[in-house]
>>> print(open('target28.cif').read())   # mmCIF, C-alpha atoms
data_query
#
loop_
_atom_site.label_atom_id
_atom_site.label_comp_id
_atom_site.auth_asym_id
_atom_site.auth_seq_id
_atom_site.Cartn_x
_atom_site.Cartn_y
_atom_site.Cartn_z
CA MET A 21 54.62 2.10 99.92
CA ALA A 22 52.76 5.33 99.69
CA GLU A 23 55.03 8.30 99.82
CA LEU A 24 54.44 11.91 100.63
CA LYS A 25 54.05 14.21 97.72
CA LYS A 26 57.16 15.86 96.42
CA GLN A 27 56.94 19.53 95.55
CA GLY A 28 57.49 20.87 92.08
CA ASN A 29 56.63 17.84 90.01
CA LYS A 30 54.48 17.93 86.91
CA ILE A 31 53.48 21.05 84.99
CA LYS A 32 49.75 21.72 84.71
CA CYS A 33 49.89 24.85 82.59
CA LEU A 34 52.41 26.33 80.16
CA ILE A 35 52.21 30.09 79.71
CA TRP A 36 53.45 31.49 76.42
CA ASP A 37 54.96 34.77 75.42
CA LEU A 38 54.09 35.59 71.79
CA ASP A 39 56.53 37.87 69.94
CA ASN A 40 59.67 35.92 69.05
CA THR A 41 58.53 33.03 71.20
CA LEU A 42 55.37 31.61 69.64
CA TRP A 43 55.93 33.44 66.39
CA ASN A 44 58.83 35.17 64.67
CA GLY A 45 58.55 38.94 64.66
CA THR A 46 56.93 41.68 66.72
CA ILE A 47 53.32 42.20 65.81
CA LEU A 48 53.06 45.80 67.01
CA GLU A 49 56.03 46.82 64.90
CA GLY A 50 54.04 45.79 61.87
CA ASP A 51 56.07 42.66 61.17
CA THR A 52 54.44 39.91 59.18
CA VAL A 53 54.70 37.30 61.85
CA THR A 54 55.10 33.61 61.08
CA LEU A 55 54.68 30.73 63.48
CA ARG A 56 57.94 29.31 64.73
CA GLU A 57 58.75 25.84 63.61
CA ASN A 58 57.29 23.28 66.01
CA ALA A 59 55.17 25.85 67.86
CA ALA A 60 51.83 24.50 66.64
CA LYS A 61 52.95 20.93 67.12
CA THR A 62 54.09 21.68 70.66
CA ILE A 63 50.80 23.36 71.55
CA LYS A 64 48.67 20.56 70.14
CA THR A 65 50.73 17.81 71.71
CA LEU A 66 50.71 19.43 75.17
CA ASP A 67 46.96 19.88 74.82
CA SER A 68 46.49 16.18 74.09
CA ARG A 69 48.54 15.42 77.20
CA GLY A 70 46.10 17.42 79.31
CA ILE A 71 48.51 20.29 79.96
CA LEU A 72 46.67 23.59 79.90
CA GLN A 73 48.08 26.60 78.09
CA SER A 74 47.74 30.32 78.42
CA ILE A 75 49.44 33.54 77.32
CA ALA A 76 51.28 36.36 79.07
CA SER A 77 52.07 38.93 76.43
CA ARG A 78 52.49 42.69 76.47
CA ASN A 79 50.55 43.42 73.37
CA ASP A 80 47.38 44.67 71.74
CA HIS A 81 44.59 42.28 72.61
CA ALA A 82 42.48 42.50 69.43
CA LEU A 83 45.45 42.30 67.10
CA VAL A 84 46.83 39.26 68.86
CA MET A 85 43.53 37.41 69.01
CA ASP A 86 43.00 37.90 65.27
CA LYS A 87 46.41 36.50 64.59
CA LEU A 88 45.88 33.49 66.84
CA ARG A 89 42.57 32.83 65.13
CA GLU A 90 44.31 33.01 61.76
CA PHE A 91 46.82 30.41 62.95
CA GLY A 92 43.97 28.20 64.22
CA LEU A 93 45.40 28.29 67.76
CA LYS A 94 43.09 30.67 69.59
CA ASP A 95 41.00 28.00 71.32
CA TYR A 96 44.03 26.31 72.84
CA PHE A 97 44.63 29.15 75.30
CA LEU A 98 42.66 29.65 78.49
CA TYR A 99 42.38 33.08 80.07
CA PRO A 100 45.07 34.70 77.85
CA GLN A 101 46.53 37.78 79.54
CA ILE A 102 47.33 40.28 76.85
CA ASN A 103 47.93 43.61 78.53
CA TRP A 104 50.71 45.93 79.67
CA ASN A 105 51.20 44.52 83.16
CA ALA A 106 54.26 42.81 84.57
CA LYS A 107 54.28 39.21 83.39
CA SER A 108 54.47 37.92 86.95
CA GLN A 109 51.16 39.66 87.57
CA SER A 110 49.58 38.08 84.48
CA ILE A 111 50.86 34.69 85.57
CA LYS A 112 49.39 35.08 89.05
CA GLN A 113 46.10 36.04 87.47
CA ILE A 114 46.10 32.91 85.29
CA ALA A 115 46.86 30.66 88.29
CA GLU A 116 43.99 32.23 90.17
CA LEU A 117 41.52 31.90 87.32
CA LEU A 118 42.48 28.28 86.70
CA ASN A 119 42.64 27.65 90.45
CA ILE A 120 45.95 25.80 90.27
CA GLY A 121 49.11 26.25 92.31
CA THR A 122 51.83 28.50 90.90
CA ASP A 123 54.39 25.73 91.43
CA THR A 124 52.69 23.78 88.63
CA LEU A 125 53.25 26.55 86.06
CA ALA A 126 55.85 26.89 83.35
CA PHE A 127 56.59 30.06 81.39
CA ILE A 128 58.35 30.39 78.04
CA ASP A 129 59.72 33.72 76.80
CA ASP A 130 62.60 34.87 74.60
CA GLU A 131 63.47 37.91 76.76
CA PRO A 132 65.88 37.20 79.64
CA TYR A 133 64.49 40.28 81.38
CA GLU A 134 60.95 38.87 81.44
CA ARG A 135 62.10 35.48 82.70
CA GLN A 136 64.09 37.15 85.45
CA GLU A 137 61.16 39.31 86.48
CA VAL A 138 58.99 36.20 86.79
CA SER A 139 61.67 34.14 88.54
CA PHE A 140 62.35 36.90 91.00
CA SER A 141 58.75 37.29 92.04
CA MET A 142 57.75 33.62 91.65
CA PRO A 143 60.78 31.34 91.98
CA GLU A 144 58.50 28.30 91.92
CA VAL A 145 57.54 28.90 88.27
CA MET A 146 59.61 26.95 85.77
CA CYS A 147 61.01 29.50 83.29
CA MET A 148 62.20 28.46 79.85
CA ASP A 149 64.06 30.27 77.11
CA ALA A 150 62.14 30.39 73.82
CA ALA A 151 65.30 29.07 72.15
CA SER A 152 64.56 25.72 73.77
CA LEU A 153 61.10 25.42 72.18
CA ASP A 154 62.07 22.24 70.33
CA ASN A 155 62.89 20.64 73.64
CA VAL A 156 59.66 21.45 75.50
CA LEU A 157 57.85 18.21 74.66
CA ALA A 158 60.76 16.13 75.92
CA ILE A 159 61.03 17.74 79.36
CA GLU A 160 60.10 15.28 82.07
CA GLN A 161 57.74 17.72 83.81
CA MET A 162 55.77 18.04 80.55
CA ASN A 163 55.18 14.31 80.39
CA PRO A 164 52.36 13.15 82.65
CA LEU A 165 52.58 9.64 83.94
CA TYR A 166 49.36 8.67 82.21
CA ILE A 167 47.11 10.23 79.64
CA THR A 168 43.55 9.53 80.77
CA ASP A 169 40.20 10.51 79.28
CA ASP A 170 40.10 13.23 81.90
CA SER A 171 43.43 14.63 80.79
CA LYS A 172 42.46 14.61 77.10
CA ASN A 173 39.27 16.50 77.89
CA ARG A 174 40.86 18.83 80.43
CA ARG A 175 40.81 21.96 78.29
CA GLN A 176 37.15 21.39 77.40
CA MET A 177 36.34 20.96 81.07
CA TYR A 178 37.99 24.27 81.90
CA ILE A 179 36.10 25.96 79.06
CA ALA A 180 32.85 24.60 80.51
CA ASP A 181 33.99 26.10 83.83
CA GLN A 182 34.41 29.48 82.17
CA GLU A 183 30.79 29.22 80.99
CA ARG A 184 29.55 28.29 84.45
CA ARG A 185 31.42 31.16 86.00
CA LYS A 186 29.81 33.65 83.64
CA VAL A 187 26.38 32.28 84.50
CA GLU A 188 27.21 32.24 88.22
CA GLU A 189 28.19 35.91 88.12
CA SER A 190 24.82 36.74 86.58
CA TYR A 191 22.99 35.14 89.50
CA SER A 192 22.28 37.64 92.22
CA GLY A 193 20.05 35.31 94.22
CA PRO A 194 21.12 32.72 96.79
CA SER A 195 23.95 30.47 95.64
CA GLU A 196 21.59 27.52 95.99
CA GLU A 197 19.56 28.94 93.15
CA PHE A 198 22.63 28.79 90.94
CA LEU A 199 23.47 25.29 92.16
CA SER A 200 19.94 24.14 91.33
CA HIS A 201 20.26 25.66 87.90
CA LEU A 202 23.33 23.50 87.26
CA GLY A 203 21.36 20.26 87.61
CA MET A 204 24.28 18.33 89.06
CA VAL A 205 24.54 14.55 89.09
CA PHE A 206 27.14 13.27 91.54
CA ASP A 207 28.03 9.63 91.19
CA ILE A 208 29.93 7.84 93.96
CA TYR A 209 31.02 4.35 92.91
CA THR A 210 33.50 1.62 93.78
CA ALA A 211 36.61 1.89 91.62
CA THR A 212 37.38 -0.68 88.95
CA THR A 213 40.61 -1.22 87.02
CA ASP A 214 39.33 1.27 84.42
CA ASP A 215 39.62 4.01 87.03
CA LEU A 216 43.11 3.33 88.28
CA LYS A 217 45.11 5.55 85.94
CA ARG A 218 42.88 8.47 86.76
CA ALA A 219 43.00 7.53 90.45
CA GLU A 220 46.79 7.65 90.41
CA GLU A 221 46.70 10.92 88.51
CA LEU A 222 44.35 12.42 91.12
CA THR A 223 46.62 11.44 94.00
CA VAL A 224 49.54 13.13 92.27
CA ARG A 225 47.74 16.25 91.00
CA THR A 226 45.51 17.19 93.90
CA ASN A 227 47.06 19.35 96.61
CA GLN A 228 44.57 21.63 98.29
CA LEU A 229 41.58 19.35 98.78
CA ASN A 230 43.64 16.40 99.90
CA THR A 231 43.55 15.10 103.47
CA THR A 232 46.85 13.25 103.66
CA GLY A 233 48.79 13.73 100.41
CA TYR A 234 49.48 10.01 100.17
CA THR A 235 50.22 9.07 96.59
CA TYR A 236 49.66 5.54 95.35
CA ASN A 237 50.82 3.97 92.13
CA TYR A 238 48.75 1.83 89.82
CA ASP A 239 49.77 -1.48 91.39
CA GLU A 240 49.05 -0.30 94.92
CA LEU A 241 45.64 0.97 93.87
CA ASN A 242 44.95 -2.27 92.05
CA GLY A 243 45.79 -4.05 95.30
CA PHE A 244 43.20 -1.96 97.15
CA ILE A 245 40.35 -2.81 94.79
CA LYS A 246 41.09 -6.51 95.24
CA SER A 247 41.60 -6.29 98.98
CA ASN A 248 38.77 -7.14 101.36
CA ASN A 249 40.25 -4.71 103.84
CA HIS A 250 40.00 -1.66 101.63
CA LEU A 251 37.35 0.28 99.88
CA LEU A 252 38.38 2.50 96.99
CA LEU A 253 35.65 4.88 95.90
CA MET A 254 35.67 7.29 92.99
CA ALA A 255 33.31 10.19 92.37
CA SER A 256 32.31 11.87 89.13
CA LEU A 257 30.28 15.01 88.60
CA THR A 258 28.21 16.16 85.61
CA ASP A 259 25.93 19.13 85.07
CA ARG A 260 24.12 20.84 82.24
CA TYR A 261 27.35 22.38 80.97
CA GLY A 262 29.08 19.05 80.64
CA THR A 263 31.11 16.69 82.72
CA TYR A 264 33.71 17.63 85.33
CA GLY A 265 35.11 14.11 84.90
CA LYS A 266 36.26 11.91 87.73
CA VAL A 267 36.81 14.50 90.42
CA GLY A 268 37.14 12.63 93.69
CA LEU A 269 38.69 9.65 95.37
CA VAL A 270 38.37 8.06 98.80
CA LEU A 271 40.40 5.23 100.23
CA VAL A 272 38.93 3.57 103.30
CA GLU A 273 40.62 0.93 105.40
CA ILE A 274 37.97 -1.52 106.59
CA GLY A 275 38.41 -2.78 110.11
CA GLU A 276 36.10 -4.90 112.20
CA SER A 277 34.95 -2.10 114.40
CA ALA A 278 35.96 0.95 112.40
CA TRP A 279 36.39 2.42 108.97
CA ILE A 280 39.49 4.58 108.59
CA ILE A 281 39.58 7.17 105.81
CA LYS A 282 43.21 7.04 104.65
CA LEU A 283 42.79 9.54 101.87
CA LEU A 284 40.00 11.77 100.70
CA LEU A 285 40.59 14.12 97.85
CA MET A 286 38.57 16.30 95.50
CA SER A 287 39.58 18.22 92.44
CA CYS A 288 39.81 21.97 93.02
CA ARG A 289 37.39 22.50 90.16
CA VAL A 290 34.51 21.34 92.37
CA MET A 291 35.58 23.28 95.47
CA SER A 292 32.39 25.34 95.70
CA ARG A 293 29.93 22.55 94.92
CA GLY A 294 29.73 20.94 98.37
CA VAL A 295 30.44 17.49 96.96
CA GLY A 296 33.31 16.71 99.33
CA SER A 297 30.83 16.98 102.18
CA ILE A 298 28.44 14.66 100.35
CA VAL A 299 31.14 11.99 100.31
CA ILE A 300 31.89 12.53 103.99
CA ASN A 301 28.18 12.32 104.77
CA TYR A 302 27.82 9.14 102.79
CA LEU A 303 30.63 7.58 104.86
CA ARG A 304 29.05 8.83 108.10
CA ASN A 305 25.72 7.29 107.16
CA GLU A 306 27.33 4.00 106.17
CA ALA A 307 29.32 3.79 109.40
CA ARG A 308 26.30 4.60 111.50
CA ARG A 309 24.17 2.03 109.67
CA ARG A 310 26.80 -0.64 110.35
CA GLY A 311 27.27 0.38 113.95
CA ILE A 312 31.00 0.97 113.54
CA ARG A 313 33.29 3.92 114.24
CA LEU A 314 34.41 6.29 111.50
CA LEU A 315 38.00 7.49 111.79
CA ALA A 316 40.09 9.63 109.46
CA GLU A 317 43.79 10.23 109.06
CA MET A 318 44.84 13.77 108.34
CA ILE A 319 48.31 15.04 107.56
CA GLN A 320 48.38 18.81 107.73
CA ASN A 321 50.49 20.87 105.38
CA ASP A 322 50.50 24.49 104.29
CA ARG A 323 47.97 23.87 101.54
CA ASN A 324 45.27 21.55 102.81
CA ARG A 325 43.79 23.58 105.64
CA MET A 326 40.49 23.61 103.77
CA MET A 327 40.21 19.86 104.20
CA TYR A 328 40.98 20.10 107.91
CA ILE A 329 38.20 22.67 108.27
CA THR A 330 35.82 20.53 106.22
CA TYR A 331 36.48 17.52 108.45
CA LYS A 332 36.12 19.56 111.62
CA PHE A 333 32.88 21.14 110.40
CA SER A 334 31.54 17.72 109.40
CA GLY A 335 31.51 16.11 112.81
CA PHE A 336 35.16 15.03 113.10
CA SER A 337 37.30 15.87 116.10
CA GLU A 338 40.91 15.06 116.89
CA ILE A 339 41.55 11.99 119.01
CA SER A 340 45.32 11.88 118.69
CA ARG A 341 48.08 13.94 117.16
CA ASP A 342 51.71 13.30 116.38
CA GLY A 343 53.22 16.43 114.83
CA GLN A 344 51.31 17.05 111.61
CA THR A 345 49.67 13.62 111.62
CA ILE A 346 46.25 13.54 113.21
CA ILE A 347 43.70 10.85 113.81
CA MET A 348 40.12 12.06 113.92
CA GLU A 349 36.88 10.43 114.83
CA ASN A 350 33.40 11.31 113.68
CA SER A 351 30.58 11.79 116.15
CA LEU A 352 28.11 10.22 113.66
CA SER A 353 25.41 12.49 115.06
CA ASP A 354 23.53 15.38 113.46
CA ILE A 355 24.18 14.13 109.94
CA PRO A 356 22.49 16.57 107.56
CA PRO A 357 20.43 15.28 104.63
CA TYR A 358 21.82 15.34 101.11
CA PRO A 359 21.08 18.67 99.42
CA ASP A 360 18.17 18.94 96.99
CA TYR A 361 20.23 20.54 94.26
CA VAL A 362 22.33 17.44 93.60
CA ASP A 363 21.16 14.08 92.34
CA VAL A 364 23.46 11.76 94.31
CA ARG A 365 24.03 8.20 93.09
CA PHE A 366 25.52 5.75 95.53
CA PRO A 367 27.75 2.73 95.00
CA ASN A 368 26.36 -0.74 94.48
CA PHE A 369 27.54 -1.51 97.88
CA PRO A 370 27.93 -3.36 100.24
CA GLN A 371 29.74 -6.06 98.38
CA GLN A 372 29.20 -9.36 100.12
CA GLU A 373 32.78 -9.93 101.15
CA ILE A 374 33.08 -6.57 102.81
CA ILE A 375 30.23 -7.11 105.26
CA GLN A 376 31.83 -8.01 108.52
CA MET B 3 36.27 46.35 120.06
CA THR B 4 32.72 45.87 121.31
CA LEU B 5 30.52 42.95 120.44
CA ASP B 6 28.34 45.21 118.31
CA GLU B 7 31.36 46.47 116.37
CA ILE B 8 32.43 42.92 115.69
CA LYS B 9 28.96 41.96 114.50
CA ALA B 10 28.86 45.00 112.25
CA LYS B 11 31.94 43.66 110.47
CA VAL B 12 30.86 40.03 110.36
CA LYS B 13 27.37 40.60 108.96
CA PRO B 14 28.26 42.20 105.61
CA PHE B 15 30.63 39.30 104.93
CA LEU B 16 28.04 36.67 105.79
CA PHE B 17 25.29 38.32 103.78
CA LYS B 18 27.43 38.08 100.69
CA TYR B 19 27.07 34.31 100.94
CA ILE B 20 23.88 33.80 102.89
CA LYS B 21 21.02 35.46 101.11
CA LYS B 22 18.74 35.63 104.10
CA PRO B 23 18.20 39.23 105.18
CA ASP B 24 16.24 38.23 108.28
CA LEU B 25 19.00 35.94 109.63
CA LYS B 26 18.94 36.32 113.41
CA ASP B 27 22.11 36.77 115.44
CA ASP B 28 21.63 33.45 117.21
CA GLU B 29 20.36 31.54 114.17
CA ASP B 30 22.45 28.53 113.14
CA PHE B 31 23.13 28.96 109.41
CA PHE B 32 25.02 25.66 109.14
CA ALA B 33 22.20 23.66 110.74
CA SER B 34 20.75 20.96 108.52
CA LYS B 35 23.01 22.09 105.72
CA LEU B 36 26.07 20.59 104.18
CA ILE B 37 29.33 22.40 104.54
CA ASN B 38 30.69 23.97 101.40
CA SER B 39 34.45 23.73 101.91
CA LEU B 40 35.12 26.93 100.05
CA PHE B 41 32.71 28.98 102.14
CA ALA B 42 34.02 27.46 105.38
CA MET B 43 37.57 28.36 104.36
CA GLN B 44 36.60 31.87 103.27
CA LEU B 45 34.81 32.44 106.54
CA VAL B 46 37.84 31.42 108.60
CA MET B 47 40.20 33.47 106.46
CA PHE B 48 37.92 36.50 106.65
CA ILE B 49 37.90 36.35 110.44
CA GLU B 50 41.68 36.01 110.64
CA LYS B 51 42.30 38.88 108.26
CA GLU B 52 39.60 41.26 109.42
CA PHE B 53 40.40 40.94 113.14
CA LYS B 54 44.09 40.09 112.80
CA ILE B 55 43.76 36.97 114.92
CA LYS B 56 44.91 33.42 114.42
CA VAL B 57 42.18 30.80 114.44
CA GLU B 58 43.83 27.73 115.98
CA ASP B 59 42.98 24.13 115.16
CA ASN B 60 41.17 23.88 118.49
CA ASP B 61 38.94 26.81 117.60
CA LEU B 62 37.87 25.14 114.37
CA GLN B 63 34.64 23.70 115.61
CA ILE B 64 31.36 24.30 113.98
CA LYS B 65 29.85 25.64 117.19
CA ASN B 66 32.27 28.60 116.97
CA PHE B 67 31.20 29.50 113.46
CA ASN B 68 27.55 28.61 113.03
CA SER B 69 25.90 31.92 113.96
CA ILE B 70 26.65 35.62 114.13
CA ASP B 71 26.66 35.34 117.94
CA SER B 72 29.09 32.43 118.07
CA ILE B 73 31.53 34.03 115.62
CA SER B 74 31.45 37.28 117.58
CA ALA B 75 32.04 35.43 120.84
CA LEU B 76 35.02 33.61 119.32
CA VAL B 77 36.50 36.87 118.05
CA THR B 78 35.98 38.61 121.38
CA GLY B 79 37.71 35.79 123.22
CA LYS B 80 40.62 35.79 120.77
CA LEU B 81 41.07 39.55 120.88
CA GLY B 82 41.21 39.26 124.65
CA THR B 83 44.03 36.70 124.61
CA GLN B 84 45.93 37.57 121.45
CA GLY B 85 45.63 41.34 121.67
CA GLY B 86 44.70 43.01 118.40
#
>>> encode(input="target28.cif", output="C-alpha cells")
Amino acid sequence: MAELKKQGNKIKCLIWDLDNTLWNGTILEGDTVTLRENAAKTIKTLDSRGILQSIASRNDHALVMDKLREFGLKDYFLYPQINWNAKSQSIKQIAELLNIGTDTLAFIDDEPYERQEVSFSMPEVMCMDAASLDNVLAIEQMNPLYITDDSKNRRQMYIADQERRKVEESYSGPSEEFLSHLGMVFDIYTATTDDLKRAEELTVRTNQLNTTGYTYNYDELNGFIKSNNHLLLMASLTDRYGTYGKVGLVLVEIGESAWIIKLLLMSCRVMSRGVGSIVINYLRNEARRRGIRLLAEMIQNDRNRMMYITYKFSGFSEISRDGQTIIMENSLSDIPPYPDYVDVRFPNFPQQEIIQ
Amino acid sequence: MTLDEIKAKVKPFLFKYIKKPDLKDDEDFFASKLINSLFAMQLVMFIEKEFKIKVEDNDLQIKNFNSIDSISALVTGKLGTQGG
C-alpha cells in the first residue's frame, strides 16, 4: 500500500566545512593543506549517487577556490558559501539557492561549536563530526534507493539551472520573453518500465509540488502501468541549456464516468515554468473530450499549499473534505490554450484498452 | 485602509511580474493564461504578509485574485472581518 511520506529521510545535499574537515590544516594560517584521506573518494561517490554538495566555510574565497581547483574538486560544489557569516546562515542560503528543504541537508564540520550553532538554529539538519568522514558513504540517508540517469546527472542539471538564472536576471522584459528564449520542449508520455525507478524516486523526493504525498514502490508502480484502471504519466522537460530530466509524474485512476488524479507531482526545479498547469490542462481537455468528470485527491500538509492553489486556480473546487483529505472536481470550462513558449508533446494515447 | 490605499500596495507587486503598464484595475490578468504555480503562491503570500490577513482555503478562487479590483475587494473584506 501507498504510505504517507515520512519526514527526515534521504539527504539531498551535503555541506562541507573545509579546514580540518575536507583537508588537514588551516589555510589562512598559511598551512600547507593536504586532502584528508577518503575526502575525494567520498565527494566523487556522493556525486555519482546524485547527492549534491556545497560548502559553508569561514574563509577567504579566492584562496579557497584556488585550492579546490588544485585538488580537482571545485566543480563538485554548488553555490559554495565562503564568507564570515554564521554557518546556519550559509546553510539557509544554500537551501534557498538549490530550492530544497532544509530537512534534506547534512553538514559536516570538525568544530563542535559550529555543529551546535547549526543544530540550534536548524535542528532538522543532520550534523556530522568530521572525525566520522570515513563513515559518510555508509550512512543510510546517504544511500538513495536507486541511482537513476537523473540522479547521475543531477549536479549538471543544477549547473544548467545556475546558467538559466543568470540569463533570467539579465532579462528586464516580460517573463514570457525569457520563457520563449528558453525554447522549452515538454514531453508528457505514458510511463514504461524504464521510468519506474525514477518514478519511485520522484514520489520520495518531491515535497512541495506534490498533491497527496503518496509514495509508491517499484512493484506498485509496475502494477499501475499494467492495470487497465490506471494511467501513469511521466513528463520531461528540455531547453536550450540542457535537459531538466524527468520532472513530473501523474497517476490517474480510470473510472467509467470519472478520472481521479491520485497523485500529481513536479520537481521544484520547474516551479516557475508553468508546466504543472500544462499537465492539469491536458487532463482537463482529455476528460472533456471523453465526456467524463475529472476529480482529484488532495492531502494538505504544511508544504504543499502551492499545489492546492494551483488546483484551485485551474478550475478545481472542493466537493468533499475529511480533515486534510480533500476531493476536488474540475469544472472543465474556460480551459486556456497551451502557451506559445512551450512545445508540448502529448502521449500516444488513448491506448485501446483504456477507452471505456 | 481605503480601497485606493490597498490598490497602491498591490500594484507595485503585480507590476514586478506582469509587464503591462496599462493594466486596468478590472482587467483579468489570468484570463486565457496558464497559471504559473510560483506566481500564484507568491501572490497569495504577498497579500497575507502585506495586509497581515489569512487567506483561507475558501478564498482561494481565481475570481478573488484575477484583477487589481478583485484582490482589493478580497483584502477589504478580510480586513473587515479579521481586523488588521
>>> resolve_selection(input="target28.cif", expression="the PyMOL selection byres ((chain A) within 6 of (chain B))", output="short mmCIF file (atom, residue, chain, number, x, y, z; two decimals) with C-alpha atoms, keeping the file's coordinate frame")
data_model
loop_
_atom_site.label_atom_id
_atom_site.label_comp_id
_atom_site.auth_asym_id
_atom_site.auth_seq_id
_atom_site.Cartn_x
_atom_site.Cartn_y
_atom_site.Cartn_z
CA PRO A 194 21.12 32.72 96.79
CA MET A 291 35.58 23.28 95.47
CA SER A 292 32.39 25.34 95.70
CA GLY A 294 29.73 20.94 98.37
CA MET A 326 40.49 23.61 103.77
CA THR A 330 35.82 20.53 106.22
CA LYS A 332 36.12 19.56 111.62
CA PHE A 333 32.88 21.14 110.40
CA PRO A 356 22.49 16.57 107.56
#
>>> atom_distance(input="target28.cif", atom1="CA of Arg323 (chain A)", atom2="CA of Gln228 (chain A)")
5.2 Å
>>> atom_distance(input="target28.cif", atom1="CA of Asn40 (chain A)", atom2="CA of Asp130 (chain A)")
6.4 Å
>>> atom_distance(input="target28.cif", atom1="CA of Ala59 (chain A)", atom2="CA of Tyr133 (chain A)")
21.9 Å
>>> resolve_selection(input="target28.cif", expression="the PyMOL selection byres ((chain A and resi 74-77) around 7)", output="list in words")
Leu34, Ile35, Trp36, Asp37, Leu38, Leu72, Gln73, Arg78, Asn79, Phe97, Leu98, Tyr99, Pro100, Gln101, Ile102, Asn103, Lys107, Ser110 and Ile111 of chain A
>>> residues_near_point(input="target28.cif", point="(34.4, 39.7, 109.8)", cutoff="6 Å", atoms="all atoms listed in the file", output="PyMOL selection string")
chain B and resi 11-12+48-49+52
>>> write_last_selection(input="target28.cif", atoms="C-alpha atoms", output="PDB file, keeping the file's coordinate frame")
ATOM      1  CA  LYS B  11      31.940  43.660 110.470  1.00  0.00           C
ATOM      2  CA  VAL B  12      30.860  40.030 110.360  1.00  0.00           C
ATOM      3  CA  PHE B  48      37.920  36.500 106.650  1.00  0.00           C
ATOM      4  CA  ILE B  49      37.900  36.350 110.440  1.00  0.00           C
ATOM      5  CA  GLU B  52      39.600  41.260 109.420  1.00  0.00           C
TER       6      GLU B  52
END
>>> residues_around(input="target28.cif", residues="region 155-168 of chain A", least_positions_apart="2", cutoff="12 Å", atoms="only C-alpha atoms", output="PyMOL selection string")
chain A and resi 27-34+36+58-73+123-128+146-153+170-174+214-225+237-238+265-266
>>> write_last_selection(input="target28.cif", atoms="C-alpha atoms", output="tab-separated table (two decimals), keeping the file's coordinate frame")
chain	number	residue	atom	x	y	z
A	27	GLN	CA	56.94	19.53	95.55
A	28	GLY	CA	57.49	20.87	92.08
A	29	ASN	CA	56.63	17.84	90.01
A	30	LYS	CA	54.48	17.93	86.91
A	31	ILE	CA	53.48	21.05	84.99
A	32	LYS	CA	49.75	21.72	84.71
A	33	CYS	CA	49.89	24.85	82.59
A	34	LEU	CA	52.41	26.33	80.16
A	36	TRP	CA	53.45	31.49	76.42
A	58	ASN	CA	57.29	23.28	66.01
A	59	ALA	CA	55.17	25.85	67.86
A	60	ALA	CA	51.83	24.50	66.64
A	61	LYS	CA	52.95	20.93	67.12
A	62	THR	CA	54.09	21.68	70.66
A	63	ILE	CA	50.80	23.36	71.55
A	64	LYS	CA	48.67	20.56	70.14
A	65	THR	CA	50.73	17.81	71.71
A	66	LEU	CA	50.71	19.43	75.17
A	67	ASP	CA	46.96	19.88	74.82
A	68	SER	CA	46.49	16.18	74.09
A	69	ARG	CA	48.54	15.42	77.20
A	70	GLY	CA	46.10	17.42	79.31
A	71	ILE	CA	48.51	20.29	79.96
A	72	LEU	CA	46.67	23.59	79.90
A	73	GLN	CA	48.08	26.60	78.09
A	123	ASP	CA	54.39	25.73	91.43
A	124	THR	CA	52.69	23.78	88.63
A	125	LEU	CA	53.25	26.55	86.06
A	126	ALA	CA	55.85	26.89	83.35
A	127	PHE	CA	56.59	30.06	81.39
A	128	ILE	CA	58.35	30.39	78.04
A	146	MET	CA	59.61	26.95	85.77
A	147	CYS	CA	61.01	29.50	83.29
A	148	MET	CA	62.20	28.46	79.85
A	149	ASP	CA	64.06	30.27	77.11
A	150	ALA	CA	62.14	30.39	73.82
A	151	ALA	CA	65.30	29.07	72.15
A	152	SER	CA	64.56	25.72	73.77
A	153	LEU	CA	61.10	25.42	72.18
A	170	ASP	CA	40.10	13.23	81.90
A	171	SER	CA	43.43	14.63	80.79
A	172	LYS	CA	42.46	14.61	77.10
A	173	ASN	CA	39.27	16.50	77.89
A	174	ARG	CA	40.86	18.83	80.43
A	214	ASP	CA	39.33	1.27	84.42
A	215	ASP	CA	39.62	4.01	87.03
A	216	LEU	CA	43.11	3.33	88.28
A	217	LYS	CA	45.11	5.55	85.94
A	218	ARG	CA	42.88	8.47	86.76
A	219	ALA	CA	43.00	7.53	90.45
A	220	GLU	CA	46.79	7.65	90.41
A	221	GLU	CA	46.70	10.92	88.51
A	222	LEU	CA	44.35	12.42	91.12
A	223	THR	CA	46.62	11.44	94.00
A	224	VAL	CA	49.54	13.13	92.27
A	225	ARG	CA	47.74	16.25	91.00
A	237	ASN	CA	50.82	3.97	92.13
A	238	TYR	CA	48.75	1.83	89.82
A	265	GLY	CA	35.11	14.11	84.90
A	266	LYS	CA	36.26	11.91	87.73
>>> closest_residue(input="target28.cif", among="B:Ser72, B:Asp28, B:Thr78, B:Leu16", to="Lys54 (chain B)", atoms="all atoms listed in the file")
B:Thr78
>>> residues_around(input="target28.cif", residues="Phe366 (chain A)", least_positions_apart="3", cutoff="9 Å", atoms="only C-alpha atoms", output="list in words")
Phe206, Asp207, Ile208, Tyr209, Tyr302 and Phe369 of chain A
>>> resolve_selection(input="target28.cif", expression="the PyMOL selection byres ((chain B and resi 74) around 10)", output="list in words")
Thr4, Leu5, Asp6, Glu7, Ile8, Lys9, Ala10, Lys11, Val12, Asp27, Ile49, Asn66, Phe67, Ser69, Ile70, Asp71, Ser72, Ile73, Ala75, Leu76, Val77, Thr78, Gly79 and Lys80 of chain B
>>> residues_around(input="target28.cif", residues="Arg56 (chain A)", least_positions_apart="3", cutoff="7 Å", atoms="all atoms listed in the file", output="PyMOL selection string")
chain A and resi 42-44+59
>>> residues_near_point(input="target28.cif", point="(35.9, 17.7, 87.3)", cutoff="7 Å", atoms="all atoms listed in the file", output="list in words")
Leu257, Thr263, Tyr264, Gly265, Lys266, Val267, Ser287, Arg289 and Val290 of chain A
>>> closest_residue(input="target28.cif", among="A:Ile347, A:Asp342, A:Glu197, A:Gly262", to="Gln176 (chain A)", atoms="all atoms listed in the file")
A:Gly262
